[in-house]
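Undergrad: Data: model.cif, mmCIF, C-alpha atoms.
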```cif
data_model
loop_
_atom_site.label_atom_id
_atom_site.label_comp_id
_atom_site.auth_asym_id
_atom_site.auth_seq_id
_atom_site.Cartn_x
_atom_site.Cartn_y
_atom_site.Cartn_z
CA MET A 263 0.00 0.00 0.00
CA ARG A 264 1.53 3.26 -1.07
CA PHE A 265 0.89 6.37 0.95
CA ARG A 266 1.53 9.91 -0.18
CA PHE A 267 2.60 11.15 3.22
CA CYS A 268 5.26 8.42 3.32
CA GLY A 269 6.57 9.62 -0.02
CA ASP A 270 4.70 7.01 -2.11
CA LEU A 271 6.22 4.18 -0.11
CA ASP A 272 4.82 1.67 2.34
CA CYS A 273 3.98 2.90 5.79
CA PRO A 274 6.55 1.62 8.34
CA ASP A 275 5.29 -1.08 10.70
CA TRP A 276 5.99 0.89 13.84
CA VAL A 277 3.73 3.73 12.63
CA LEU A 278 0.88 1.27 12.13
CA ALA A 279 1.43 -0.13 15.60
CA GLU A 280 1.55 3.27 17.29
CA ILE A 281 -1.55 4.55 15.49
CA SER A 282 -3.52 2.05 17.52
CA THR A 283 -1.87 3.46 20.67
CA LEU A 284 -2.97 6.94 19.61
CA ALA A 285 -6.54 5.77 19.24
CA LYS A 286 -6.61 5.06 22.98
CA ILE A 287 -6.66 8.72 24.06
CA SER A 288 -9.70 10.92 23.43
CA SER A 289 -9.74 13.04 20.27
CA VAL A 290 -9.71 16.33 22.23
CA LYS A 291 -6.56 15.25 24.09
CA MET A 292 -5.01 14.13 20.82
CA LYS A 293 -5.59 17.54 19.24
CA LEU A 294 -3.81 19.17 22.21
CA LEU A 295 -0.98 16.64 21.84
CA CYS A 296 -0.72 17.60 18.14
CA VAL A 297 -0.41 21.25 19.14
CA GLN A 298 2.48 20.35 21.47
CA VAL A 299 4.24 18.28 18.80
CA LEU A 300 3.83 21.09 16.25
CA LYS A 301 5.38 23.51 18.73
CA ASP A 302 8.34 21.15 19.01
CA LEU A 303 8.70 20.85 15.22
CA LEU A 304 8.63 24.64 14.87
CA GLY A 305 11.52 24.84 17.31
CA GLU A 306 9.62 26.23 20.30
CA GLY A 307 10.33 23.22 22.51
CA ILE A 308 7.92 20.66 23.90
CA ASP A 309 6.42 20.82 27.37
CA TYR A 310 6.70 17.24 28.60
CA ASP A 311 4.68 17.91 31.75
CA LYS A 312 1.68 18.94 29.65
CA VAL A 313 2.12 15.85 27.49
CA ALA A 314 2.27 13.64 30.57
CA LYS A 315 -0.92 15.23 31.91
CA LEU A 316 -2.72 14.72 28.59
CA THR A 317 -1.81 11.04 28.44
CA ALA A 318 -2.32 10.34 32.15
CA ASP A 319 -6.02 9.45 31.67
CA ALA A 320 -5.24 6.68 29.25
CA LYS A 321 -2.55 5.45 31.67
CA PHE A 322 0.27 5.66 29.15
CA GLU A 323 3.65 4.46 30.36
CA SER A 324 6.75 6.43 29.45
CA GLY A 325 7.34 4.13 26.46
CA ASP A 326 3.82 4.84 25.15
CA ILE A 327 4.24 8.60 25.60
CA LYS A 328 7.50 8.58 23.64
CA ALA A 329 5.91 6.40 20.96
CA SER A 330 2.88 8.67 20.48
CA VAL A 331 5.08 11.80 20.28
CA ALA A 332 7.32 9.99 17.77
CA VAL A 333 4.46 8.86 15.55
CA LEU A 334 2.84 12.33 15.52
CA THR A 335 6.23 13.90 14.70
CA PHE A 336 6.65 11.39 11.84
CA ILE A 337 3.19 11.97 10.37
CA LEU A 338 3.27 15.77 10.58
CA SER A 339 6.85 16.24 9.36
CA ARG A 340 6.47 13.77 6.46
CA ALA A 341 3.15 15.29 5.40
CA ALA A 342 4.75 18.75 5.30
CA LYS A 343 7.82 17.36 3.51
CA HIS A 344 5.79 15.80 0.69
CA ASP A 345 3.32 18.71 0.60
CA VAL A 346 0.26 16.58 1.22
CA ASP A 347 -3.03 18.47 1.46
CA SER A 348 -5.16 17.81 4.52
CA GLU A 349 -7.97 15.88 2.73
CA SER A 350 -5.51 13.30 1.35
CA LEU A 351 -3.80 13.09 4.74
CA SER A 352 -7.15 12.59 6.40
CA SER A 353 -8.20 9.78 4.06
CA GLU A 354 -4.82 8.04 4.30
CA LEU A 355 -4.79 8.16 8.11
CA GLN A 356 -8.31 6.74 8.21
CA GLN A 357 -7.15 3.92 5.92
CA LEU A 358 -4.41 3.18 8.45
CA GLY A 359 -6.99 2.86 11.19
CA LEU A 360 -6.98 6.18 13.01
CA PRO A 361 -10.59 7.00 14.09
CA LYS A 362 -12.41 9.81 12.28
CA GLU A 363 -12.51 12.36 15.15
CA HIS A 364 -8.77 11.94 15.79
CA THR A 365 -8.02 12.35 12.08
CA THR A 366 -10.12 15.52 11.82
CA GLY A 367 -8.35 17.03 14.84
CA LEU A 368 -4.90 16.15 13.48
CA CYS A 369 -5.63 17.49 9.99
CA LYS A 370 -7.05 20.75 11.36
CA SER A 371 -3.84 21.36 13.37
CA TYR A 372 -1.77 20.38 10.32
CA GLU A 373 -3.64 22.79 8.06
CA ASP A 374 -3.21 25.67 10.51
CA LYS A 375 0.54 25.27 10.74
CA HIS A 376 1.19 23.88 7.27
CA THR A 377 2.96 26.96 5.87
CA ALA A 378 4.94 27.65 9.04
CA LEU A 379 6.11 24.03 9.14
CA GLN A 380 7.27 24.11 5.53
CA GLU A 381 9.13 27.39 6.19
CA LYS A 382 10.91 25.84 9.16
CA LEU A 383 11.85 22.75 7.14
CA ARG A 384 13.13 24.94 4.33
CA GLU A 385 15.34 26.84 6.77
CA SER A 386 16.79 23.68 8.27
CA SER A 387 17.64 22.18 4.86
CA LEU A 388 21.28 21.48 4.21
CA ARG A 389 23.27 24.64 3.49
CA LEU A 390 27.02 24.36 3.27
CA GLY A 391 29.00 27.34 4.50
CA ARG A 392 26.31 29.94 5.17
CA LEU A 393 27.46 33.56 4.98
CA GLU A 394 26.80 35.17 8.31
CA GLY A 395 28.19 38.68 8.03
CA VAL A 396 30.11 41.05 5.82
CA SER A 397 31.91 44.19 6.89
CA TRP A 398 34.11 46.46 4.81
CA ARG A 399 36.27 49.55 4.94
CA VAL A 400 38.04 51.66 2.35
CA ASP A 401 41.67 52.64 2.92
CA TYR A 402 43.89 55.00 0.99
CA THR A 403 47.56 53.99 0.89
CA LEU A 404 49.79 57.05 0.92
CA SER A 405 53.25 55.54 0.93
CA SER A 406 55.05 52.23 1.43
CA SER A 407 58.55 50.87 1.94
CA GLU A 408 58.75 50.04 -1.79
CA LEU A 409 57.46 53.28 -3.31
CA GLN A 410 57.29 56.69 -1.71
CA GLU A 411 54.08 57.96 -3.37
CA VAL A 412 51.54 55.15 -3.71
CA ASN A 413 48.19 57.01 -3.52
CA GLU A 414 45.96 54.00 -4.04
CA PRO A 415 42.56 53.17 -2.52
CA THR A 416 41.93 49.61 -1.30
CA VAL A 417 38.89 47.84 0.10
CA GLN A 418 39.20 45.48 3.06
CA LEU A 419 36.45 42.90 3.30
CA ARG A 420 35.74 40.74 6.34
CA LEU A 421 33.56 37.72 5.52
CA GLN A 422 32.13 35.61 8.32
CA ALA A 423 30.90 32.27 7.09
CA GLN A 424 29.96 28.97 8.66
CA GLY A 425 32.61 26.35 7.87
CA ALA A 426 31.20 23.60 5.63
CA GLU A 427 32.49 20.73 7.73
CA THR A 428 32.95 22.23 11.16
CA GLY A 429 29.78 24.29 11.39
CA THR A 430 31.57 26.97 13.42
CA THR A 431 32.03 30.54 12.22
CA GLU A 432 35.18 31.16 10.22
CA THR A 433 36.42 34.66 9.43
CA THR A 434 38.20 35.49 6.17
CA ILE A 435 39.80 38.88 5.60
CA VAL A 436 40.68 39.99 2.09
CA SER A 437 42.03 43.26 0.81
CA VAL A 438 41.12 44.11 -2.79
CA SER A 439 42.57 46.78 -5.07
CA ALA A 440 40.21 49.18 -6.89
CA ASP A 441 40.33 47.45 -10.29
CA LYS A 442 39.89 43.95 -8.95
CA PHE A 443 37.07 45.15 -6.77
CA ARG A 444 35.33 46.64 -9.79
CA VAL A 445 35.53 43.26 -11.56
CA LEU A 446 34.24 41.49 -8.45
CA LEU A 447 31.32 43.89 -8.14
CA THR A 448 30.31 43.54 -11.82
CA GLU A 449 30.37 39.74 -11.68
CA LEU A 450 28.36 39.67 -8.45
CA LYS A 451 25.81 42.09 -9.95
CA GLN A 452 25.40 39.76 -12.94
CA ALA A 453 24.84 36.83 -10.56
CA GLN A 454 22.29 38.91 -8.63
CA ALA A 455 20.43 39.74 -11.86
CA MET A 456 20.28 36.02 -12.66
CA MET A 457 18.94 35.23 -9.19
CA ASN A 458 16.28 37.91 -9.50
CA ALA A 459 15.23 36.53 -12.88
CA LEU A 460 14.59 33.15 -11.22
CA GLN A 461 12.53 34.48 -8.30
CA MET B 22 39.14 -24.63 30.77
CA LEU B 23 40.68 -23.62 34.08
CA LEU B 24 41.49 -20.09 35.16
CA VAL B 25 45.09 -19.72 36.25
CA LEU B 26 45.36 -17.14 39.02
CA SER B 27 48.65 -15.33 39.58
CA ASP B 28 50.25 -15.34 43.04
CA GLU B 29 49.57 -11.65 43.52
CA HIS B 30 45.91 -12.22 42.68
CA LYS B 31 45.73 -15.11 45.18
CA GLU B 32 47.29 -12.88 47.82
CA HIS B 33 44.71 -10.16 47.21
CA LEU B 34 41.88 -12.64 47.42
CA GLY B 35 43.42 -14.13 50.57
CA PHE B 36 41.78 -11.30 52.50
CA LEU B 37 38.29 -12.67 51.80
CA PRO B 38 38.19 -15.71 54.18
CA GLU B 39 39.09 -13.40 57.09
CA VAL B 40 35.72 -11.63 57.00
CA ASP B 41 32.26 -13.17 57.20
CA SER B 42 30.23 -14.14 54.19
CA ALA B 43 27.84 -11.18 54.49
CA VAL B 44 30.80 -8.85 53.99
CA VAL B 45 32.03 -10.91 51.02
CA GLY B 46 28.55 -10.66 49.52
CA GLU B 47 28.71 -6.89 49.99
CA PHE B 48 32.15 -6.78 48.35
CA GLY B 49 30.75 -8.77 45.44
CA ARG B 50 27.92 -6.28 45.02
CA ILE B 51 30.37 -3.36 45.14
CA ALA B 52 32.59 -5.11 42.57
CA VAL B 53 29.71 -5.47 40.09
CA GLU B 54 28.65 -1.86 40.66
CA PHE B 55 32.22 -0.72 39.93
CA LEU B 56 32.25 -2.78 36.74
CA ARG B 57 29.08 -1.00 35.65
CA LYS B 58 29.90 2.55 36.59
CA GLY B 59 33.58 2.88 37.47
CA THR B 60 35.42 2.80 40.79
CA ASN B 61 34.75 5.09 43.74
CA PRO B 62 37.69 5.13 46.21
CA LYS B 63 35.58 6.61 49.04
CA ILE B 64 33.77 3.30 49.45
CA TYR B 65 37.09 1.61 50.25
CA GLU B 66 37.73 4.11 53.06
CA GLY B 67 34.30 3.54 54.59
CA ALA B 68 34.58 -0.24 54.45
CA ALA B 69 38.13 -0.20 55.85
CA ARG B 70 37.02 1.90 58.81
CA LYS B 71 34.12 -0.47 59.58
CA LEU B 72 36.29 -3.59 59.36
CA SER B 73 39.29 -1.91 61.04
CA VAL B 74 41.73 -2.95 58.32
CA ASP B 75 43.84 -1.08 55.77
CA ALA B 76 41.97 0.64 52.93
CA GLU B 77 44.48 -0.90 50.58
CA THR B 78 43.57 -4.43 51.69
CA VAL B 79 39.89 -3.72 51.02
CA GLN B 80 40.77 -2.28 47.63
CA HIS B 81 42.81 -5.36 46.73
CA GLY B 82 40.00 -7.64 47.83
CA VAL B 83 37.36 -5.87 45.73
CA GLU B 84 39.67 -5.56 42.74
CA GLY B 85 40.53 -9.24 43.07
CA ILE B 86 36.83 -10.13 42.84
CA MET B 87 36.38 -7.78 39.87
CA TYR B 88 39.28 -9.39 38.00
CA LEU B 89 38.03 -12.89 38.82
CA LEU B 90 34.58 -12.02 37.46
CA THR B 91 35.84 -10.33 34.28
CA GLU B 92 38.28 -13.15 33.45
CA SER B 93 35.65 -15.84 34.01
CA SER B 94 33.01 -13.95 32.00
CA LYS B 95 35.49 -13.19 29.22
CA LEU B 96 36.39 -16.88 28.79
CA MET B 97 32.81 -17.98 29.48
CA ILE B 98 33.97 -20.85 31.68
CA SER B 99 31.48 -23.41 32.93
CA GLU B 100 30.35 -23.79 36.57
CA VAL B 101 32.56 -26.82 37.17
CA ASP B 102 35.64 -25.07 35.82
CA PHE B 103 34.91 -21.98 37.90
CA GLN B 104 34.58 -24.07 41.04
CA ASP B 105 37.81 -25.93 40.28
CA SER B 106 39.66 -22.68 39.67
CA VAL B 107 38.42 -21.19 42.93
CA LEU B 108 39.27 -24.41 44.81
CA VAL B 109 42.95 -23.57 44.34
CA LEU B 110 42.49 -20.59 46.67
CA GLY B 111 41.52 -22.86 49.55
CA PHE B 112 38.36 -21.04 50.55
CA THR B 113 35.47 -22.53 52.52
CA GLU B 114 32.67 -24.25 50.62
CA GLU B 115 30.28 -21.42 51.53
CA LEU B 116 32.62 -18.79 50.05
CA ASN B 117 33.04 -20.85 46.90
CA GLN B 118 29.29 -21.09 46.47
CA LEU B 119 28.92 -17.34 47.02
CA LEU B 120 31.51 -16.53 44.36
CA LEU B 121 29.92 -19.03 41.96
CA GLN B 122 26.49 -17.46 42.44
CA LEU B 123 27.93 -14.00 41.87
CA TYR B 124 29.56 -15.19 38.65
CA LEU B 125 26.44 -16.87 37.28
CA ASP B 126 24.12 -13.99 38.13
CA HIS B 127 26.20 -11.28 36.52
CA ARG B 128 27.95 -13.17 33.72
CA LYS B 129 25.70 -11.89 30.92
CA GLU B 130 25.85 -8.29 32.06
CA ILE B 131 29.63 -8.33 32.42
CA ARG B 132 29.97 -9.79 28.93
CA HIS B 133 27.79 -7.00 27.59
CA ILE B 134 29.99 -4.38 29.26
CA LEU B 135 33.14 -6.08 27.91
CA SER B 136 31.69 -6.14 24.39
CA GLU B 137 31.43 -2.35 24.43
CA LEU B 138 35.18 -2.02 24.98
CA THR B 139 36.16 -3.25 21.50
CA PRO B 140 37.63 -0.57 19.18
CA SER B 141 35.37 0.35 16.31
CA LEU B 142 35.63 2.18 13.02
CA PRO B 143 33.63 5.36 12.45
CA HIS B 144 30.01 4.44 11.84
CA TYR B 145 26.96 6.09 10.33
CA HIS B 146 25.12 8.64 12.43
CA ASN B 147 23.10 10.87 10.06
CA LEU B 148 22.96 11.91 6.40
CA GLU B 149 21.59 15.22 5.15
CA TRP B 150 21.32 15.84 1.41
CA ARG B 151 20.22 18.46 -1.07
CA LEU B 152 19.57 18.45 -4.82
CA ASP B 153 20.82 21.52 -6.72
CA VAL B 154 20.99 22.58 -10.35
CA LEU B 155 23.97 24.65 -11.51
CA LEU B 156 22.50 27.26 -13.87
CA ALA B 157 25.46 29.53 -14.51
CA SER B 158 28.97 30.20 -13.32
CA ARG B 159 31.41 33.04 -13.85
CA ALA B 160 33.02 31.12 -16.68
CA LEU B 161 29.91 29.76 -18.44
CA ARG B 162 26.31 30.95 -18.53
CA GLN B 163 23.20 28.97 -19.47
CA GLN B 164 24.18 25.56 -18.12
CA MET B 165 22.06 22.84 -16.59
CA LYS B 166 24.03 20.60 -14.27
CA PRO B 167 22.25 18.75 -11.46
CA THR B 168 24.33 17.93 -8.36
CA VAL B 169 23.60 16.19 -5.08
CA SER B 170 25.42 17.55 -2.00
CA MET B 171 25.58 15.42 1.11
CA LYS B 172 26.70 15.95 4.68
CA LEU B 173 27.59 12.62 6.27
CA HIS B 174 27.71 12.63 10.07
CA LEU B 175 29.87 9.86 11.52
CA GLY B 176 30.25 8.75 15.09
CA GLU B 177 33.50 7.43 16.58
CA SER B 178 33.80 4.90 19.37
CA GLY B 179 34.64 7.60 21.94
CA GLY B 180 31.43 9.46 21.14
CA GLU B 181 33.07 12.18 19.03
CA LYS B 182 31.31 13.13 15.83
CA SER B 183 33.01 13.87 12.54
CA VAL B 184 31.41 15.36 9.45
CA LYS B 185 32.23 14.73 5.80
CA VAL B 186 30.85 16.90 2.99
CA LEU B 187 30.45 15.13 -0.36
CA GLN B 188 29.15 16.13 -3.74
CA THR B 189 28.16 13.95 -6.68
CA ASP B 190 26.18 14.01 -9.92
CA PRO B 191 23.04 11.87 -10.27
CA ALA B 192 24.69 9.20 -12.45
CA THR B 193 27.37 8.46 -9.84
CA LEU B 194 24.69 8.46 -7.16
CA MET B 195 22.70 5.84 -9.09
CA HIS B 196 25.84 3.73 -9.41
CA LEU B 197 26.51 4.11 -5.67
CA ILE B 198 22.95 2.99 -4.88
CA GLN B 199 23.26 -0.03 -7.17
CA GLU B 200 26.53 -1.10 -5.57
CA LEU B 201 25.08 -0.79 -2.07
CA GLU B 202 21.99 -2.78 -3.10
CA LYS B 203 24.27 -5.48 -4.50
CA ALA B 204 26.07 -5.55 -1.15
CA LEU B 205 22.75 -5.99 0.67
CA ALA B 206 21.70 -8.71 -1.77
CA GLU B 207 24.85 -10.67 -0.85
CA LEU B 208 23.22 -11.44 2.49
CA LYS B 209 20.58 -13.49 0.68
CA THR B 210 22.96 -15.77 -1.24
CA THR B 211 23.20 -19.42 -0.23
CA HIS B 212 26.85 -19.08 0.82
CA CYS B 213 26.05 -16.29 3.29
CA ARG B 214 22.92 -18.04 4.56
CA ARG B 215 24.90 -21.21 5.23
CA ILE B 216 27.44 -19.33 7.33
CA LEU B 217 24.81 -17.37 9.28
CA ARG B 218 22.88 -20.55 10.02
CA ASN B 219 26.01 -22.15 11.44
CA ILE B 220 26.85 -19.18 13.64
CA LYS B 221 23.35 -19.15 15.08
#
```
Taking this structure as input, can you express it in the form of C-alpha cells?

TA:
Amino acid sequence: MRFRFCGDLDCPDWVLAEISTLAKISSVKMKLLCVQVLKDLLGEGIDYDKVAKLTADAKFESGDIKASVAVLTFILSRAAKHDVDSESLSSELQQLGLPKEHTTGLCKSYEDKHTALQEKLRESSLRLGRLEGVSWRVDYTLSSSELQEVNEPTVQLRLQAQGAETGTTETTIVSVSADKFRVLLTELKQAQAMMNALQ
Amino acid sequence: MLLVLSDEHKEHLGFLPEVDSAVVGEFGRIAVEFLRKGTNPKIYEGAARKLSVDAETVQHGVEGIMYLLTESSKLMISEVDFQDSVLVLGFTEELNQLLLQLYLDHRKEIRHILSELTPSLPHYHNLEWRLDVLLASRALRQQMKPTVSMKLHLGESGGEKSVKVLQTDPATLMHLIQELEKALAELKTTHCRRILRNIK
C-alpha cells in the first residue's frame, strides 16, 4: 500500500502499531498533543509535563508517551515534507486505522501550521557554509617601503561564514585593489540579476 | 578450561576468608557496581574503617573479585571449571558457592559491558542531502548541471562526531545505490545463509 505522506512508499510497521496506541486517548486530548508536537517541530520546545498530563487518563507508560510523540512527529513532518493536502492526509490516516474524530483534529492542526512548518523545514535544509556577516572599509595607501608615493585606494572585506564541515564561524579577511574590486562587483551584480530573474 | 590465578591475585583474594560471608557478599555487590559505573575510592575508606583494616587491603579484595569475574566472563567458563579454579584458593565451601552465584548472576551483564570495549571504526550517524541545479557560473552561462550535495555525520567509538561533505552528480549516485543494493543482496545468497545458520 503506497501512501503519499510516506513519499509514495509503504507505511513503516511501527507507525501502524503506534496509530492504535494513539486511538486510545480521546480526540480532544489528541488535538492538544498535536499542538504540542507542532510547537516542538517549529523549534519552540515541547512541554513534557503537559504531554504527561494529557496522556495520564489513558494510563500511558513512558514508552507509550515517547511512541505517540514519535508517531505524531513522523506523520506531521512527512506530510509537510511531501506537501500533502489535509484531505488526502485525512483519508490516508483513516485507511491506516486512526478513528475519524482523531483524524479531523490532526488534519485541522496540520492545516493551521502547514505553511509555518514548511518554512521551518526549508530553513533547516542542508546549506554548506552559510554567509553570516560582511563588513568592509576603504583605505587610501599614501606611501610604502617600496614606493614613496603610492596614492591607491583599497577595500578590506571581512567575511564571516559557517565552515562547511565544522559548522563553526570562520572569518576570512581579504584586501582588494580598486580594479579587482570593480571586476568582483560587476560579476556579483550579474549573478544577482540572474537570481532575481529566477525568483 | 581452568582459570590460572597469579600469586599476587591469590594474595589479594586471601583477604576474603578473614571476613564473614555477608561482607564478602557486599564486596561482590560493590565489585559489580564498579564494573558497571567505574570505581569510587571513598567506598574503600568507609569499608576499611568499619572492618578496622587497611583501605588498601579492602581495595585489593574488591579488585581481586572484579578481576576474577571479568576473566571468568570473558572466557565464558562453565560452573565446574569456575569451582575448580576457585578451589585452588583454599576457601570454605560457603565462600566458593557465594563466588559461583555472583559469577552466574552477573555473567551476561559483564559480557555485555566487555563487548562495548572493543575498538570500532567510524560508523553512520546521520545523512543530510540536497539536490541543486547549476545554472550559470562566472566562466559559463546557461548551463544545466544537477548535483547532489551530502553531509555525512559519523560517530566514533569515543562518542566524538566527525562530518564529511560530499558532492556527486546523479549518475554516480545511481551507481553508488546499485553497488550498495548489491552488497545488501549478498546477504541473501546461499553461501552467506549457510554461514549465518552455522553461527546461530

Undergrad: Report as CSV the residues of chain B within 10 Å of chain A, each with its shortest atom pair and distance in Å (one decimal), using only C-alpha atoms, ordered by chain and increasing residue number.

TA:
```
residue,atom,partner,partner_atom,distance
B:Leu148,CA,A:Leu388,CA,10.0
B:Glu149,CA,A:Leu388,CA,6.3
B:Trp150,CA,A:Leu388,CA,6.3
B:Arg151,CA,A:Leu388,CA,6.2
B:Leu152,CA,A:Leu388,CA,9.7
B:Leu156,CA,A:Met456,CA,9.1
B:Ala157,CA,A:Ala453,CA,8.3
B:Ser158,CA,A:Ala453,CA,8.3
B:Arg159,CA,A:Glu449,CA,7.1
B:Arg162,CA,A:Met456,CA,9.8
B:Ser170,CA,A:Leu388,CA,8.4
B:Met171,CA,A:Leu388,CA,8.1
B:Lys172,CA,A:Leu388,CA,7.8
B:Leu173,CA,A:Glu427,CA,9.6
B:His174,CA,A:Glu427,CA,9.7
B:Ser183,CA,A:Glu427,CA,8.4
B:Val184,CA,A:Glu427,CA,5.7
B:Lys185,CA,A:Glu427,CA,6.3
B:Val186,CA,A:Glu427,CA,6.3
```

Undergrad: Write the selection just made, keeping C-alpha atoms, as a JSON list (two decimals), in the frame of the given file?

TA:
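Output file selection.json follows:
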```
[["chain", "number", "residue", "atom", "x", "y", "z"],
["B", 148, "LEU", "CA", 22.96, 11.91, 6.40],
["B", 149, "GLU", "CA", 21.59, 15.22, 5.15],
["B", 150, "TRP", "CA", 21.32, 15.84, 1.41],
["B", 151, "ARG", "CA", 20.22, 18.46, -1.07],
["B", 152, "LEU", "CA", 19.57, 18.45, -4.82],
["B", 156, "LEU", "CA", 22.50, 27.26, -13.87],
["B", 157, "ALA", "CA", 25.46, 29.53, -14.51],
["B", 158, "SER", "CA", 28.97, 30.20, -13.32],
["B", 159, "ARG", "CA", 31.41, 33.04, -13.85],
["B", 162, "ARG", "CA", 26.31, 30.95, -18.53],
["B", 170, "SER", "CA", 25.42, 17.55, -2.00],
["B", 171, "MET", "CA", 25.58, 15.42, 1.11],
["B", 172, "LYS", "CA", 26.70, 15.95, 4.68],
["B", 173, "LEU", "CA", 27.59, 12.62, 6.27],
["B", 174, "HIS", "CA", 27.71, 12.63, 10.07],
["B", 183, "SER", "CA", 33.01, 13.87, 12.54],
["B", 184, "VAL", "CA", 31.41, 15.36, 9.45],
["B", 185, "LYS", "CA", 32.23, 14.73, 5.80],
["B", 186, "VAL", "CA", 30.85, 16.90, 2.99]]
```

Undergrad: Figure out the distance between atom CA of Leu175 of chain B and atom CA of Tyr145 of chain B, please, to one decimal in Å.

TA: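 Going from atom CA of Tyr145 of chain B over to atom CA of Leu175 of chain B covers 4.9 Å.
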
Undergrad: Of the residues B:Glu137, B:Asp75, B:Asp102, B:Glu115, which is the one nearest to Val45 of chain B, using all atoms listed in the file?

TA: B:Glu115

Undergrad: What do you get, as a PyMOL selection string, if you spell out every residue that the PyMOL selection byres ((chain A and resi 372) around 9) selects here?

TA: chain A and resi 296-297+300+338+341-342+348+367-371+373-376+379

Undergrad: So, with all atoms listed in the file as the atoms that count, which of A:Leu334, A:Ala455, A:Cys268, A:Val412 lies closest to Leu294 of chain A?

TA: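 Comparing A:Leu334, A:Ala455, A:Cys268, A:Val412 against Leu294 of chain A, the winner is A:Leu334.
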
Undergrad: Which residues match the PyMOL selection byres ((chain A and resi 356) around 12) in the file above, as a PyMOL selection string?

TA: chain A and resi 265+278+281-282+285+349-355+357-366+368-369

Undergrad: If I take atom CA of Ala52 of chain B and atom CA of Val83 of chain B, how far is one from the other in Å, to one decimal?

TA: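 Computed distance, atom CA of Ala52 of chain B to atom CA of Val83 of chain B, equals 5.8 Å.
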
Undergrad: Output the residue selection produced by the PyMOL selection byres ((chain A and resi 414) around 9) on the file above, formatted as a short mmCIF file (atom, residue, chain, number, x, y, z; two decimals) with C-alpha atoms, in the frame of the given file.

TA:
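Done, and the output landed in selection_10.cif:
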```cif
data_model
loop_
_atom_site.label_atom_id
_atom_site.label_comp_id
_atom_site.auth_asym_id
_atom_site.auth_seq_id
_atom_site.Cartn_x
_atom_site.Cartn_y
_atom_site.Cartn_z
CA ASP A 401 41.67 52.64 2.92
CA TYR A 402 43.89 55.00 0.99
CA THR A 403 47.56 53.99 0.89
CA LEU A 404 49.79 57.05 0.92
CA SER A 405 53.25 55.54 0.93
CA VAL A 412 51.54 55.15 -3.71
CA ASN A 413 48.19 57.01 -3.52
CA PRO A 415 42.56 53.17 -2.52
CA THR A 416 41.93 49.61 -1.30
CA SER A 439 42.57 46.78 -5.07
CA ALA A 440 40.21 49.18 -6.89
#
```

Undergrad: Find the residues near Val109 of chain B: any atom within 12 Å, counting all atoms listed in the file, skip ones fewer than 6 places away on the same chain, and give them as a PyMOL selection string.

TA: chain B and resi 23-28+30-31+34-35+102-103+117

Undergrad: Need the shell around Ile51 of chain B: protein/DNA/RNA residues with any atom at most 10 Å away, counting only C-alpha atoms. Skip same-chain ones fewer than 2 positions apart. Format as number ranges by chain?

TA: B: 45-49, 53-57, 60-61, 64-65, 83-84, 86-87

Undergrad: Between atom CA of Thr430 of chain A and atom CA of Glu394 of chain A, what distance in Å does the model show, to one decimal?

TA: 10.8 Å

Undergrad: Need the shell around Leu135 of chain B: protein/DNA/RNA residues with any atom at most 10 Å away, counting all atoms listed in the file. Skip same-chain ones fewer than 5 positions apart. Format as an NGL selection string?

TA: :B and (56 or 91 or 94-95 or 129-130)

Undergrad: Please reconstruct the missing atoms of segment 112-121 of chain B (target: N, CA, C and O atoms) and return them as a CSV table (one decimal), in the frame of the given file.

TA:
```
chain,number,residue,atom,x,y,z
B,112,PHE,N,39.4,-21.7,49.8
B,112,PHE,CA,38.4,-21.0,50.6
B,112,PHE,C,37.4,-22.1,51.1
B,112,PHE,O,37.4,-23.2,50.7
B,113,THR,N,36.5,-21.6,52.0
B,113,THR,CA,35.5,-22.5,52.5
B,113,THR,C,34.4,-22.8,51.4
B,113,THR,O,34.3,-22.0,50.5
B,114,GLU,N,33.7,-23.9,51.6
B,114,GLU,CA,32.7,-24.2,50.6
B,114,GLU,C,31.7,-23.1,50.4
B,114,GLU,O,31.2,-22.8,49.3
B,115,GLU,N,31.3,-22.5,51.6
B,115,GLU,CA,30.3,-21.4,51.5
B,115,GLU,C,30.8,-20.3,50.7
B,115,GLU,O,30.0,-19.7,49.8
B,116,LEU,N,32.0,-19.9,50.8
B,116,LEU,CA,32.6,-18.8,50.0
B,116,LEU,C,32.7,-19.1,48.6
B,116,LEU,O,32.4,-18.3,47.7
B,117,ASN,N,33.0,-20.4,48.3
B,117,ASN,CA,33.0,-20.8,46.9
B,117,ASN,C,31.7,-20.7,46.3
B,117,ASN,O,31.5,-20.2,45.1
B,118,GLN,N,30.7,-21.2,47.0
B,118,GLN,CA,29.3,-21.1,46.5
B,118,GLN,C,28.9,-19.6,46.2
B,118,GLN,O,28.2,-19.3,45.2
B,119,LEU,N,29.3,-18.8,47.1
B,119,LEU,CA,28.9,-17.3,47.0
B,119,LEU,C,29.5,-16.7,45.8
B,119,LEU,O,28.8,-16.1,45.0
B,120,LEU,N,30.8,-17.1,45.5
B,120,LEU,CA,31.5,-16.5,44.4
B,120,LEU,C,30.9,-17.1,43.1
B,120,LEU,O,30.7,-16.4,42.1
B,121,LEU,N,30.5,-18.4,43.1
B,121,LEU,CA,29.9,-19.0,42.0
B,121,LEU,C,28.6,-18.4,41.6
B,121,LEU,O,28.3,-18.0,40.5
```
